[in-house]
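A.B. asks: Next comes the structure file data_6.cif, holding mmCIF, C-alpha atoms.
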data_structure
loop_
_atom_site.group_PDB
_atom_site.id
_atom_site.type_symbol
_atom_site.label_atom_id
_atom_site.label_comp_id
_atom_site.auth_asym_id
_atom_site.auth_seq_id
_atom_site.Cartn_x
_atom_site.Cartn_y
_atom_site.Cartn_z
ATOM 1 C CA MET A 5 -22.308 16.701 6.360
ATOM 2 C CA ILE A 6 -21.916 18.016 2.838
ATOM 3 C CA LEU A 7 -18.819 19.629 1.441
ATOM 4 C CA THR A 8 -19.672 22.570 -0.800
ATOM 5 C CA GLY A 9 -18.837 21.756 -4.387
ATOM 6 C CA PHE A 10 -18.429 18.035 -3.724
ATOM 7 C CA PRO A 11 -21.943 16.580 -3.248
ATOM 8 C CA ASP A 12 -20.737 12.968 -3.071
ATOM 9 C CA ALA A 13 -17.871 13.492 -0.624
ATOM 10 C CA MET A 14 -18.192 12.178 2.955
ATOM 11 C CA PRO A 15 -15.746 14.390 4.885
ATOM 12 C CA PHE A 16 -17.176 13.616 8.338
ATOM 13 C CA GLU A 17 -17.501 9.852 7.884
ATOM 14 C CA GLY A 18 -14.111 9.836 6.212
ATOM 15 C CA PHE A 19 -12.465 11.678 9.090
ATOM 16 C CA VAL A 20 -14.120 9.484 11.770
ATOM 17 C CA GLY A 21 -13.187 6.320 9.862
ATOM 18 C CA GLY A 22 -9.677 7.717 9.504
ATOM 19 C CA LEU A 23 -9.431 8.235 13.281
ATOM 20 C CA LEU A 24 -10.343 4.538 13.764
ATOM 21 C CA ILE A 25 -7.727 3.484 11.207
ATOM 22 C CA GLY A 26 -5.209 5.623 13.091
ATOM 23 C CA LEU A 27 -6.222 3.965 16.369
ATOM 24 C CA ALA A 28 -5.782 0.542 14.768
ATOM 25 C CA ALA A 29 -2.263 1.437 13.637
ATOM 26 C CA ALA A 30 -1.485 3.052 17.019
ATOM 27 C CA LEU A 31 -2.569 -0.096 18.862
ATOM 28 C CA MET A 32 -0.305 -2.194 16.668
ATOM 29 C CA LEU A 33 2.623 0.206 17.197
ATOM 30 C CA LEU A 34 2.311 0.800 20.937
ATOM 31 C CA GLY A 35 0.907 -2.638 21.799
ATOM 32 C CA SER A 36 3.138 -4.936 19.821
ATOM 33 C CA GLY A 37 5.771 -2.629 18.375
ATOM 34 C CA ARG A 38 4.881 -3.176 14.740
ATOM 35 C CA ILE A 39 3.683 -1.347 11.644
ATOM 36 C CA ALA A 40 0.091 -2.062 10.600
ATOM 37 C CA GLY A 41 0.941 -2.374 6.918
ATOM 38 C CA ILE A 42 -1.689 -4.499 5.264
ATOM 39 C CA SER A 43 0.287 -5.581 2.206
ATOM 40 C CA GLY A 44 3.043 -6.845 4.508
ATOM 41 C CA ILE A 45 0.543 -8.556 6.798
ATOM 42 C CA ALA A 46 -1.208 -10.164 3.808
ATOM 43 C CA ALA A 47 2.108 -11.401 2.408
ATOM 44 C CA ARG A 48 3.016 -12.775 5.822
ATOM 45 C CA ALA A 49 -0.337 -14.589 6.132
ATOM 46 C CA PHE A 50 0.609 -16.531 3.003
ATOM 47 C CA ALA A 51 4.194 -17.004 4.230
ATOM 48 C CA LEU A 52 5.529 -14.705 1.491
ATOM 49 C CA GLY A 53 7.090 -12.030 3.671
ATOM 50 C CA LYS A 54 10.305 -11.882 5.630
ATOM 51 C CA SER A 55 8.678 -10.098 8.587
ATOM 52 C CA SER A 56 8.965 -11.521 12.087
ATOM 53 C CA LEU A 57 5.195 -11.280 12.569
ATOM 54 C CA PRO A 58 3.966 -14.792 13.416
ATOM 55 C CA VAL A 59 1.810 -16.221 10.598
ATOM 56 C CA PRO A 60 -1.183 -16.876 12.933
ATOM 57 C CA ALA A 61 -1.053 -13.240 14.111
ATOM 58 C CA ALA A 62 -1.151 -12.100 10.469
ATOM 59 C CA TRP A 63 -4.301 -14.179 9.977
ATOM 60 C CA MET A 64 -5.810 -12.767 13.165
ATOM 61 C CA PHE A 65 -5.376 -9.247 11.787
ATOM 62 C CA LEU A 66 -7.124 -10.162 8.524
ATOM 63 C CA ILE A 67 -9.934 -11.963 10.402
ATOM 64 C CA GLY A 68 -10.294 -8.908 12.656
ATOM 65 C CA LEU A 69 -10.487 -6.647 9.607
ATOM 66 C CA LEU A 70 -13.344 -8.739 8.211
ATOM 67 C CA LEU A 71 -15.122 -8.800 11.586
ATOM 68 C CA GLY A 72 -14.789 -5.033 11.989
ATOM 69 C CA ALA A 73 -16.135 -4.355 8.497
ATOM 70 C CA PHE A 74 -18.895 -6.943 8.967
ATOM 71 C CA SER A 75 -19.977 -5.390 12.288
ATOM 72 C CA ILE A 76 -20.272 -1.906 10.797
ATOM 73 C CA HIS A 77 -22.079 -3.287 7.744
ATOM 74 C CA THR A 78 -24.555 -5.303 9.826
ATOM 75 C CA PHE A 79 -25.132 -3.190 12.923
ATOM 76 C CA ALA A 80 -24.388 0.385 11.862
ATOM 77 C CA VAL A 81 -24.242 1.573 8.246
ATOM 78 C CA PRO A 82 -24.439 -0.768 5.249
ATOM 79 C CA ILE A 83 -21.250 -0.541 3.181
ATOM 80 C CA GLN A 84 -21.774 1.034 -0.241
ATOM 81 C CA SER A 85 -19.424 -0.518 -2.739
ATOM 82 C CA THR A 86 -19.277 -0.171 -6.504
ATOM 83 C CA PHE A 87 -16.679 -2.374 -8.173
ATOM 84 C CA PRO A 88 -15.525 -2.196 -11.790
ATOM 85 C CA SER A 89 -17.522 -4.727 -13.799
ATOM 86 C CA SER A 90 -14.450 -5.708 -15.805
ATOM 87 C CA ALA A 91 -12.711 -8.838 -14.500
ATOM 88 C CA ALA A 92 -9.674 -7.875 -16.571
ATOM 89 C CA LEU A 93 -9.296 -4.560 -14.707
ATOM 90 C CA LEU A 94 -9.592 -6.307 -11.326
ATOM 91 C CA ALA A 95 -7.079 -8.991 -12.250
ATOM 92 C CA ALA A 96 -4.583 -6.588 -13.814
ATOM 93 C CA GLY A 97 -4.970 -4.152 -10.928
ATOM 94 C CA GLY A 98 -4.439 -6.951 -8.406
ATOM 95 C CA VAL A 99 -1.273 -8.267 -10.030
ATOM 96 C CA VAL A 100 0.445 -4.880 -10.242
ATOM 97 C CA VAL A 101 -0.623 -3.900 -6.716
ATOM 98 C CA GLY A 102 0.712 -7.213 -5.373
ATOM 99 C CA PHE A 103 4.015 -6.904 -7.243
ATOM 100 C CA GLY A 104 4.332 -3.193 -6.442
ATOM 101 C CA THR A 105 3.705 -3.498 -2.717
ATOM 102 C CA ARG A 106 6.477 -6.090 -2.378
ATOM 103 C CA MET A 107 8.870 -4.111 -4.564
ATOM 104 C CA GLY A 108 8.106 -0.824 -2.794
ATOM 105 C CA SER A 109 7.858 -2.340 0.720
ATOM 106 C CA GLY A 110 4.382 -1.087 1.557
ATOM 107 C CA CYS A 111 1.043 0.280 0.478
ATOM 108 C CA THR A 112 -1.494 2.900 1.541
ATOM 109 C CA SER A 113 -1.486 1.730 5.154
ATOM 110 C CA GLY A 114 2.226 1.111 5.685
ATOM 111 C CA HIS A 115 3.625 4.074 3.742
ATOM 112 C CA GLY A 116 0.522 6.288 3.668
ATOM 113 C CA VAL A 117 -0.643 6.100 7.293
ATOM 114 C CA CYS A 118 2.219 4.683 9.370
ATOM 115 C CA GLY A 119 5.199 6.076 7.458
ATOM 116 C CA MET A 120 3.887 9.548 6.611
ATOM 117 C CA SER A 121 2.847 10.162 10.228
ATOM 118 C CA ARG A 122 6.438 9.319 11.202
ATOM 119 C CA LEU A 123 7.690 11.771 8.539
ATOM 120 C CA SER A 124 9.681 8.960 6.958
ATOM 121 C CA PRO A 125 11.237 10.348 3.747
ATOM 122 C CA ARG A 126 10.801 6.955 2.072
ATOM 123 C CA SER A 127 7.113 6.840 2.898
ATOM 124 C CA LEU A 128 6.472 10.470 1.944
ATOM 125 C CA LEU A 129 8.065 9.837 -1.444
ATOM 126 C CA ALA A 130 6.309 6.487 -1.950
ATOM 127 C CA THR A 131 2.915 7.966 -1.069
ATOM 128 C CA ALA A 132 3.371 11.009 -3.316
ATOM 129 C CA THR A 133 4.461 8.630 -6.084
ATOM 130 C CA PHE A 134 1.540 6.206 -5.872
ATOM 131 C CA ILE A 135 -0.984 9.037 -5.655
ATOM 132 C CA ALA A 136 0.555 10.734 -8.705
ATOM 133 C CA SER A 137 0.771 7.449 -10.583
ATOM 134 C CA GLY A 138 -2.846 6.622 -9.633
ATOM 135 C CA MET A 139 -4.035 10.011 -10.879
ATOM 136 C CA ALA A 140 -2.137 9.603 -14.146
ATOM 137 C CA THR A 141 -3.557 6.094 -14.559
ATOM 138 C CA VAL A 142 -7.157 7.248 -14.032
ATOM 139 C CA ALA A 143 -6.687 10.155 -16.453
ATOM 140 C CA LEU A 144 -5.206 7.819 -19.070
ATOM 141 C CA ALA A 145 -7.896 5.177 -18.502
ATOM 142 C CA ASN A 146 -10.600 7.811 -18.952
ATOM 143 C CA ALA A 147 -8.962 9.045 -22.152
ATOM 144 C CA LEU A 148 -8.810 5.472 -23.508
ATOM 145 C CA GLY A 149 -12.444 4.806 -22.594
ATOM 146 C CA TRP A 150 -11.568 2.351 -19.784
ATOM 147 C CA GLY A 151 -13.246 4.526 -17.160
ATOM 148 C CA TRP A 152 -16.029 3.093 -15.018
ATOM 149 C CA MET O 14 -0.777 -15.175 21.972
ATOM 150 C CA ARG O 15 -0.579 -11.519 23.038
ATOM 151 C CA GLN O 16 0.471 -10.675 19.474
ATOM 152 C CA SER O 17 -2.589 -12.483 18.120
ATOM 153 C CA ILE O 18 -4.987 -10.600 20.405
ATOM 154 C CA ILE O 19 -3.479 -7.217 19.493
ATOM 155 C CA SER O 20 -3.621 -8.180 15.810
ATOM 156 C CA LEU O 21 -7.289 -9.157 16.051
ATOM 157 C CA LEU O 22 -8.238 -5.903 17.824
ATOM 158 C CA SER O 23 -6.143 -3.764 15.510
ATOM 159 C CA GLY O 24 -7.615 -5.523 12.478
ATOM 160 C CA ALA O 25 -11.161 -4.993 13.796
ATOM 161 C CA LEU O 26 -10.576 -1.256 14.309
ATOM 162 C CA PHE O 27 -8.980 -1.034 10.884
ATOM 163 C CA GLY O 28 -11.887 -2.830 9.205
ATOM 164 C CA ALA O 29 -14.442 -0.675 11.031
ATOM 165 C CA GLY O 30 -12.580 2.475 9.997
ATOM 166 C CA LEU O 31 -12.394 1.413 6.348
ATOM 167 C CA ALA O 32 -16.118 0.575 6.356
ATOM 168 C CA ILE O 33 -17.242 3.848 7.983
ATOM 169 C CA SER O 34 -14.990 6.037 5.840
ATOM 170 C CA GLY O 35 -16.350 4.785 2.523
ATOM 171 C CA MET O 36 -12.925 3.451 1.520
ATOM 172 C CA MET O 37 -14.371 0.006 0.736
ATOM 173 C CA ASP O 38 -16.032 1.587 -2.267
ATOM 174 C CA PRO O 39 -13.579 1.330 -5.194
ATOM 175 C CA LYS O 40 -15.600 3.906 -7.110
ATOM 176 C CA ARG O 41 -15.079 6.475 -4.337
ATOM 177 C CA VAL O 42 -11.358 5.726 -4.116
ATOM 178 C CA ARG O 43 -11.086 6.027 -7.879
ATOM 179 C CA GLY O 44 -12.970 9.320 -7.530
ATOM 180 C CA PHE O 45 -10.129 10.657 -5.357
ATOM 181 C CA LEU O 46 -7.667 9.876 -8.136
ATOM 182 C CA ASP O 47 -9.923 11.388 -10.818
ATOM 183 C CA ILE O 48 -8.790 14.995 -10.395
ATOM 184 C CA ALA O 49 -9.793 16.001 -13.919
ATOM 185 C CA GLY O 50 -13.267 14.490 -13.457
ATOM 186 C CA GLU O 51 -15.717 14.587 -10.548
ATOM 187 C CA TRP O 52 -13.081 14.677 -7.838
ATOM 188 C CA ASP O 53 -14.063 13.098 -4.501
ATOM 189 C CA PRO O 54 -11.813 14.395 -1.688
ATOM 190 C CA THR O 55 -13.072 11.889 0.939
ATOM 191 C CA LEU O 56 -9.818 9.898 0.938
ATOM 192 C CA ALA O 57 -7.888 12.997 2.022
ATOM 193 C CA PHE O 58 -10.079 13.287 5.144
ATOM 194 C CA VAL O 59 -9.509 9.599 5.925
ATOM 195 C CA MET O 60 -5.749 10.036 5.606
ATOM 196 C CA GLY O 61 -5.926 13.188 7.736
ATOM 197 C CA GLY O 62 -7.789 11.467 10.571
ATOM 198 C CA ALA O 63 -5.517 8.424 10.520
ATOM 199 C CA ILE O 64 -2.304 10.457 10.395
ATOM 200 C CA LEU O 65 -3.470 12.707 13.241
ATOM 201 C CA VAL O 66 -3.854 9.743 15.606
ATOM 202 C CA MET O 67 -0.705 8.007 14.363
ATOM 203 C CA ALA O 68 1.427 11.144 14.711
ATOM 204 C CA ALA O 69 0.460 11.213 18.419
ATOM 205 C CA ALA O 70 1.243 7.498 18.665
ATOM 206 C CA TRP O 71 4.760 8.069 17.253
ATOM 207 C CA LEU O 72 5.364 10.783 19.879
ATOM 208 C CA LEU O 73 4.360 8.310 22.599
ATOM 209 C CA GLN O 74 6.447 5.580 20.999
ATOM 210 C CA LYS O 75 9.623 7.667 21.421
ATOM 211 C CA ARG O 76 9.039 7.644 25.173
ATOM 212 C CA LEU O 77 8.625 3.883 25.416
ATOM 213 C CA ILE O 78 11.542 1.541 25.986
ATOM 214 C CA LYS O 79 9.467 -1.369 24.751
ATOM 215 C CA PRO O 80 5.911 -1.920 23.470
ATOM 216 C CA LEU O 81 3.172 -2.442 26.063
ATOM 217 C CA PHE O 82 2.554 -6.103 25.220
ATOM 218 C CA ALA O 83 5.750 -7.257 23.496
ATOM 219 C CA ASN O 84 9.455 -7.363 24.279
ATOM 220 C CA ASN O 85 10.802 -5.116 21.554
ATOM 221 C CA PHE O 86 9.951 -2.823 18.662
ATOM 222 C CA ASN O 87 10.122 -4.297 15.145
ATOM 223 C CA LEU O 88 10.149 -1.163 13.024
ATOM 224 C CA PRO O 89 11.539 -0.436 9.558
ATOM 225 C CA GLY O 90 14.793 1.465 9.925
ATOM 226 C CA THR O 91 15.881 1.780 6.340
ATOM 227 C CA GLN O 92 16.339 5.280 4.897
ATOM 228 C CA LEU O 93 17.322 4.154 1.425
ATOM 229 C CA ILE O 94 15.570 5.845 -1.472
ATOM 230 C CA ASP O 95 16.074 3.652 -4.504
ATOM 231 C CA ARG O 96 14.493 2.521 -7.767
ATOM 232 C CA LYS O 97 12.682 -0.317 -6.007
ATOM 233 C CA LEU O 98 10.820 2.101 -3.740
ATOM 234 C CA ILE O 99 9.825 4.397 -6.601
ATOM 235 C CA GLY O 100 9.141 1.620 -9.115
ATOM 236 C CA GLY O 101 6.995 -0.246 -6.586
ATOM 237 C CA ALA O 102 5.021 2.902 -5.784
ATOM 238 C CA VAL O 103 4.451 3.620 -9.493
ATOM 239 C CA LEU O 104 3.070 0.081 -9.930
ATOM 240 C CA ILE O 105 0.836 0.408 -6.854
ATOM 241 C CA GLY O 106 -0.604 3.607 -8.301
ATOM 242 C CA ILE O 107 -1.318 1.940 -11.643
ATOM 243 C CA GLY O 108 -3.255 -0.924 -10.014
ATOM 244 C CA TRP O 109 -4.964 1.443 -7.572
ATOM 245 C CA GLY O 110 -6.109 3.635 -10.454
ATOM 246 C CA LEU O 111 -7.247 0.732 -12.652
ATOM 247 C CA ALA O 112 -9.290 -1.124 -10.031
ATOM 248 C CA GLY O 113 -9.867 1.502 -7.305
ATOM 249 C CA LEU O 114 -8.497 -0.948 -4.746
ATOM 250 C CA CYS O 115 -5.524 -1.349 -2.452
ATOM 251 C CA PRO O 116 -4.948 -4.329 -0.122
ATOM 252 C CA GLY O 117 -6.940 -3.293 3.002
ATOM 253 C CA PRO O 118 -10.205 -2.327 1.320
ATOM 254 C CA ALA O 119 -9.936 -5.373 -0.956
ATOM 255 C CA PHE O 120 -9.921 -7.701 2.089
ATOM 256 C CA GLY O 121 -12.776 -5.850 3.776
ATOM 257 C CA ALA O 122 -14.845 -5.831 0.582
ATOM 258 C CA LEU O 123 -14.980 -9.642 0.681
ATOM 259 C CA ILE O 124 -18.047 -9.025 2.835
ATOM 260 C CA VAL O 125 -19.994 -7.062 0.239
ATOM 261 C CA GLU O 126 -18.503 -8.086 -3.119
ATOM 262 C CA PRO O 127 -16.959 -11.510 -2.451
ATOM 263 C CA LEU O 128 -16.322 -12.610 -6.035
ATOM 264 C CA SER O 129 -14.831 -9.354 -7.323
ATOM 265 C CA ALA O 130 -12.788 -8.820 -4.150
ATOM 266 C CA ALA O 131 -11.508 -12.408 -4.284
ATOM 267 C CA LEU O 132 -10.478 -11.951 -7.921
ATOM 268 C CA PHE O 133 -8.481 -8.836 -6.999
ATOM 269 C CA LEU O 134 -6.942 -10.492 -3.923
ATOM 270 C CA GLY O 135 -6.056 -13.700 -5.777
ATOM 271 C CA SER O 136 -4.363 -11.626 -8.480
ATOM 272 C CA MET O 137 -2.602 -9.558 -5.800
ATOM 273 C CA LEU O 138 -1.166 -12.710 -4.215
ATOM 274 C CA ALA O 139 -0.102 -13.888 -7.669
ATOM 275 C CA GLY O 140 1.676 -10.549 -8.104
ATOM 276 C CA MET O 141 3.452 -11.054 -4.763
ATOM 277 C CA VAL O 142 4.555 -14.541 -5.814
ATOM 278 C CA LEU O 143 5.756 -13.149 -9.164
ATOM 279 C CA HIS O 144 7.819 -10.567 -7.291
ATOM 280 C CA ARG O 145 9.428 -13.294 -5.250
ATOM 281 C CA MET O 146 10.171 -15.338 -8.365
ATOM 282 C CA ALA O 147 11.616 -12.267 -10.094
ATOM 283 C CA ASN O 148 13.959 -11.975 -7.096
ATOM 284 C CA LEU O 149 14.146 -8.178 -7.279
#
For the structure just supplied, provide its representation as structure tokens.

C.D. replies:
Amino acid sequence: MILTGFPDAMPFEGFVGGLLIGLAAALMLLGSGRIAGISGIAARAFALGKSSLPVPAAWMFLIGLLLGAFSIHTFAVPIQSTFPSSAALLAAGGVVVGFGTRMGSGCTSGHGVCGMSRLSPRSLLATATFIASGMATVALANALGWGW
Amino acid sequence: MRQSIISLLSGALFGAGLAISGMMDPKRVRGFLDIAGEWDPTLAFVMGGAILVMAAAWLLQKRLIKPLFANNFNLPGTQLIDRKLIGGAVLIGIGWGLAGLCPGPAFGALIVEPLSAALFLGSMLAGMVLHRMANL
């Protein structure tokens, strides 16, 4: 399916993938009563978080995520992935995302999917903020010639 | 044990969703943030699909006394809007814009771009440790 004006966009695949992400978060919420926030789960896996999620269960989520992605990649559609070639961008991006997710108590999954769907004012504000800040960063990076 | 099984299944669905939706492609995610350039709206459709299902799940959740496979709900209850929330979100956006990655896709991308994904993830963990040391 092609979206007029946006030849590279994948609206159908995006929506279907989004439904699966929603199901994943719904299973976590209704099954075990928790938020599927990946930054929190990742922190917990390395014993950095205060959450009551057992550390082995945090690892199981991350292992499941790899298995799910691997299954799609191997048996359905190969994953297309273009990374920035600059190690400095990856490292700098990683550090600020790590620091920011702990400071702001969540990322795209926790605030963006779980919190926004609950109409949490905190999550609505956090999501609007990181999208705006991301857009400003990309615009600035492009202007400085750091685009990729 | 029940928590581990739910986590594994939820993680698998999450990983499959990220892979199908194209969100494991940092260039595509960056494209969503590049509104002045060749904007790629795919991420909005992903968010839409995920929020649609989760909104229904929250409606069901209100009718449950306890989760299906656990004894109680462990949900964030804080309503506080403070500098930490906003400052953290600003930082997330900066890293997201620079590298085109947030935590979920970075883990999943270990399958296709192990070295680059590991560099991002290692740095992300370092950032989390720094936050703890800063004691904010």

A.B. asks: What lies within 9 Å of Ile19 in chain O using only C-alpha atoms, ignoring chain neighbours under 3 positions off, as a PyMOL selection string?

C.D. replies: (chain A and resi 31-32+35-36+61+64-65) or (chain O and resi 14-16+22-24+82)

A.B. asks: Taking the file as shown, what set of residues would the PyMOL selection byres ((chain A and resi 67-71) around 10) give back, as a PyMOL selection string?

C.D. replies: (chain A and resi 61-66+72-77) or (chain O and resi 18-32+117-118+120-124)

A.B. asks: Could you tell me, as a list in words, exactly which residues end up selected when the PyMOL selection byres ((chain A and resi 22) around 7) is applied to this structure?

C.D. replies: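 Answer for the PyMOL selection byres ((chain A and resi 22) around 7): Gly18, Phe19, Val20, Gly21, Leu23, Leu24, Ile25 and Gly26 of chain A; Gly30, Ser34, Val59, Met60, Gly61, Gly62 and Ala63 of chain O.
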
A.B. asks: Go ahead and save the picked residues with C-alpha atoms, as a PDB file, in the frame of the given file.

C.D. replies:
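Saved result, again16.pdb, follows:
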ATOM      1  CA  GLY A  18     -14.111   9.836   6.212  1.00  0.00           C
ATOM      2  CA  PHE A  19     -12.465  11.678   9.090  1.00  0.00           C
ATOM      3  CA  VAL A  20     -14.120   9.484  11.770  1.00  0.00           C
ATOM      4  CA  GLY A  21     -13.187   6.320   9.862  1.00  0.00           C
ATOM      5  CA  LEU A  23      -9.431   8.235  13.281  1.00  0.00           C
ATOM      6  CA  LEU A  24     -10.343   4.538  13.764  1.00  0.00           C
ATOM      7  CA  ILE A  25      -7.727   3.484  11.207  1.00  0.00           C
ATOM      8  CA  GLY A  26      -5.209   5.623  13.091  1.00  0.00           C
TER       9      GLY A  26
ATOM     10  CA  GLY O  30     -12.580   2.475   9.997  1.00  0.00           C
ATOM     11  CA  SER O  34     -14.990   6.037   5.840  1.00  0.00           C
ATOM     12  CA  VAL O  59      -9.509   9.599   5.925  1.00  0.00           C
ATOM     13  CA  MET O  60      -5.749  10.036   5.606  1.00  0.00           C
ATOM     14  CA  GLY O  61      -5.926  13.188   7.736  1.00  0.00           C
ATOM     15  CA  GLY O  62      -7.789  11.467  10.571  1.00  0.00           C
ATOM     16  CA  ALA O  63      -5.517   8.424  10.520  1.00  0.00           C
TER      17      ALA O  63
END

A.B. asks: Take the PyMOL selection byres ((chain A and resi 43-50) around 10), apply it to the structure above, and return the hits as a PyMOL selection string.

C.D. replies: (chain A and resi 39-42+51-66+101-102+104-106+109-114) or (chain O and resi 20+115-117+120+134+137-138+141-142)

A.B. asks: From the list O:Ile94, O:Ala119, O:Val42, O:Met146, which residue is nearest chain A when using only C-alpha atoms?

C.D. replies: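 Distance minimum relative to chain A lands on O:Ile94.
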
A.B. asks: Counting all atoms listed in the file, figure out which residue out of O:Ala83, O:Val103, O:Leu114, O:Leu88 gets nearest to Lys40 in chain O.

C.D. replies: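 Answer, going by the shortest atom-to-atom distance: O:Leu114.
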
A.B. asks: Work out how far CA of Ile99 in chain O is from CA of Ser124 in chain A, in Å to one decimal.

C.D. replies: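 Answer for the CA of Ser124 in chain A to CA of Ile99 in chain O separation: 14.3 Å.
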
A.B. asks: Rounded to one decimal place, report the CA of Ala112 in chain O-CA of Gly140 in chain O distance in Å.

C.D. replies: 14.6 Å

A.B. asks: Please measure the separation of CA of Arg43 in chain O and CA of Gly135 in chain O, giving the value in Å to one decimal.

C.D. replies: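 Atom-to-atom, CA of Arg43 in chain O and CA of Gly135 in chain O are spaced 20.5 Å apart.
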
A.B. asks: Using all atoms listed in the file, find the one residue out of A:Asn146, A:Ser90, A:Ser127, A:Ser85 that sits nearest to chain O.

C.D. replies: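 That would be A:Ser85, the residue with the smallest distance to chain O.
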
A.B. asks: Hey, what's within 10 Å of Thr133 in chain A if we count only C-alpha atoms and toss same-chain stuff fewer than 5 positions away? As a list in words, please?

C.D. replies: Ser127, Leu128, Gly138 and Met139 of chain A; Leu98, Ile99, Gly100, Gly101, Ala102, Val103, Leu104, Ile105 and Gly106 of chain O

A.B. asks: Give me, as a VMD selection string, all polymer residues having an atom no more than 6 Å from Phe133 in chain O, counting all atoms listed in the file and skipping those fewer than 5 positions away in the same chain.

C.D. replies: chain A and resid 94 to 95 98

A.B. asks: Can you pull out the residues contacting Thr8 in chain A? Cut-off 12 Å, using only C-alpha atoms, and skip same-chain residues under 4 positions away; I want them as a short mmCIF file (atom, residue, chain, number, x, y, z; two decimals) with C-alpha atoms, keeping the file's coordinate frame.

C.D. replies:
data_model
loop_
_atom_site.label_atom_id
_atom_site.label_comp_id
_atom_site.auth_asym_id
_atom_site.auth_seq_id
_atom_site.Cartn_x
_atom_site.Cartn_y
_atom_site.Cartn_z
CA ASP A 12 -20.74 12.97 -3.07
CA ALA A 13 -17.87 13.49 -0.62
CA MET A 14 -18.19 12.18 2.96
CA PRO A 15 -15.75 14.39 4.88
CA ASP O 53 -14.06 13.10 -4.50
CA PRO O 54 -11.81 14.40 -1.69
#

A.B. asks: Please give the centre and size of the box around range 24-43 of chain A (axis-aligned, containing every atom listed in the file, 6 Å added per side), with values in Å to one decimal and written as lines of an AutoDock Vina configuration file.

C.D. replies:
center_x = -2.3
center_y = 0.0
center_z = 12.0
size_x = 28.1
size_y = 23.2
size_z = 31.6

A.B. asks: Could you pull the residues within 8 Å of Arg126 in chain A, counting all atoms listed in the file, minus those fewer than 3 positions along the same chain, as JSON, numbers by chain?

C.D. replies: {"A": [115, 119, 129, 130], "O": [92, 93, 94, 98]}

A.B. asks: From the list O:Ala130, O:Asn148, O:Ile33, O:Leu77, which residue is nearest chain A when using only C-alpha atoms?

C.D. replies: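 For chain A, the nearest of the given residues is O:Ile33.
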
A.B. asks: Closest to chain A among O:Leu46, O:Met36, O:Ala131, O:Ala57, using all atoms listed in the file?

C.D. replies: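 So, comparing all the options, the nearest one is O:Leu46.
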
A.B. asks: Where atoms are absent from range 63-73 of chain O, fill them in so it carries N, CA, C and O atoms, then output it as a tab-separated table (two decimals), in the coordinates of the input.

C.D. replies:
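After the write, selection14.tsv holds the following:
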chain	number	residue	atom	x	y	z
O	63	ALA	N	-6.42	9.52	10.15
O	63	ALA	CA	-5.52	8.42	10.52
O	63	ALA	C	-4.14	8.96	10.90
O	63	ALA	O	-3.54	8.53	11.91
O	64	ILE	N	-3.65	9.93	10.14
O	64	ILE	CA	-2.30	10.46	10.40
O	64	ILE	C	-2.27	11.26	11.70
O	64	ILE	O	-1.29	11.21	12.45
O	65	LEU	N	-3.38	11.95	11.98
O	65	LEU	CA	-3.47	12.71	13.24
O	65	LEU	C	-3.25	11.79	14.46
O	65	LEU	O	-2.42	12.07	15.33
O	66	VAL	N	-3.98	10.68	14.47
O	66	VAL	CA	-3.85	9.74	15.61
O	66	VAL	C	-2.47	9.10	15.61
O	66	VAL	O	-1.82	8.98	16.66
O	67	MET	N	-1.99	8.70	14.42
O	67	MET	CA	-0.70	8.01	14.36
O	67	MET	C	0.47	8.92	14.70
O	67	MET	O	1.47	8.48	15.28
O	68	ALA	N	0.35	10.22	14.37
O	68	ALA	CA	1.43	11.14	14.71
O	68	ALA	C	1.57	11.21	16.24
O	68	ALA	O	2.68	11.21	16.78
O	69	ALA	N	0.42	11.23	16.94
O	69	ALA	CA	0.46	11.21	18.42
O	69	ALA	C	1.07	9.91	18.92
O	69	ALA	O	1.85	9.89	19.88
O	70	ALA	N	0.71	8.80	18.24
O	70	ALA	CA	1.24	7.50	18.66
O	70	ALA	C	2.77	7.45	18.51
O	70	ALA	O	3.47	6.89	19.36
O	71	TRP	N	3.29	8.06	17.44
O	71	TRP	CA	4.76	8.07	17.25
O	71	TRP	C	5.44	8.89	18.35
O	71	TRP	O	6.54	8.55	18.80
O	72	LEU	N	4.79	9.98	18.79
O	72	LEU	CA	5.36	10.78	19.88
O	72	LEU	C	5.44	9.95	21.15
O	72	LEU	O	6.44	9.97	21.88
O	73	LEU	N	4.36	9.19	21.43
O	73	LEU	CA	4.36	8.31	22.60
O	73	LEU	C	5.41	7.21	22.45
O	73	LEU	O	6.10	6.86	23.42
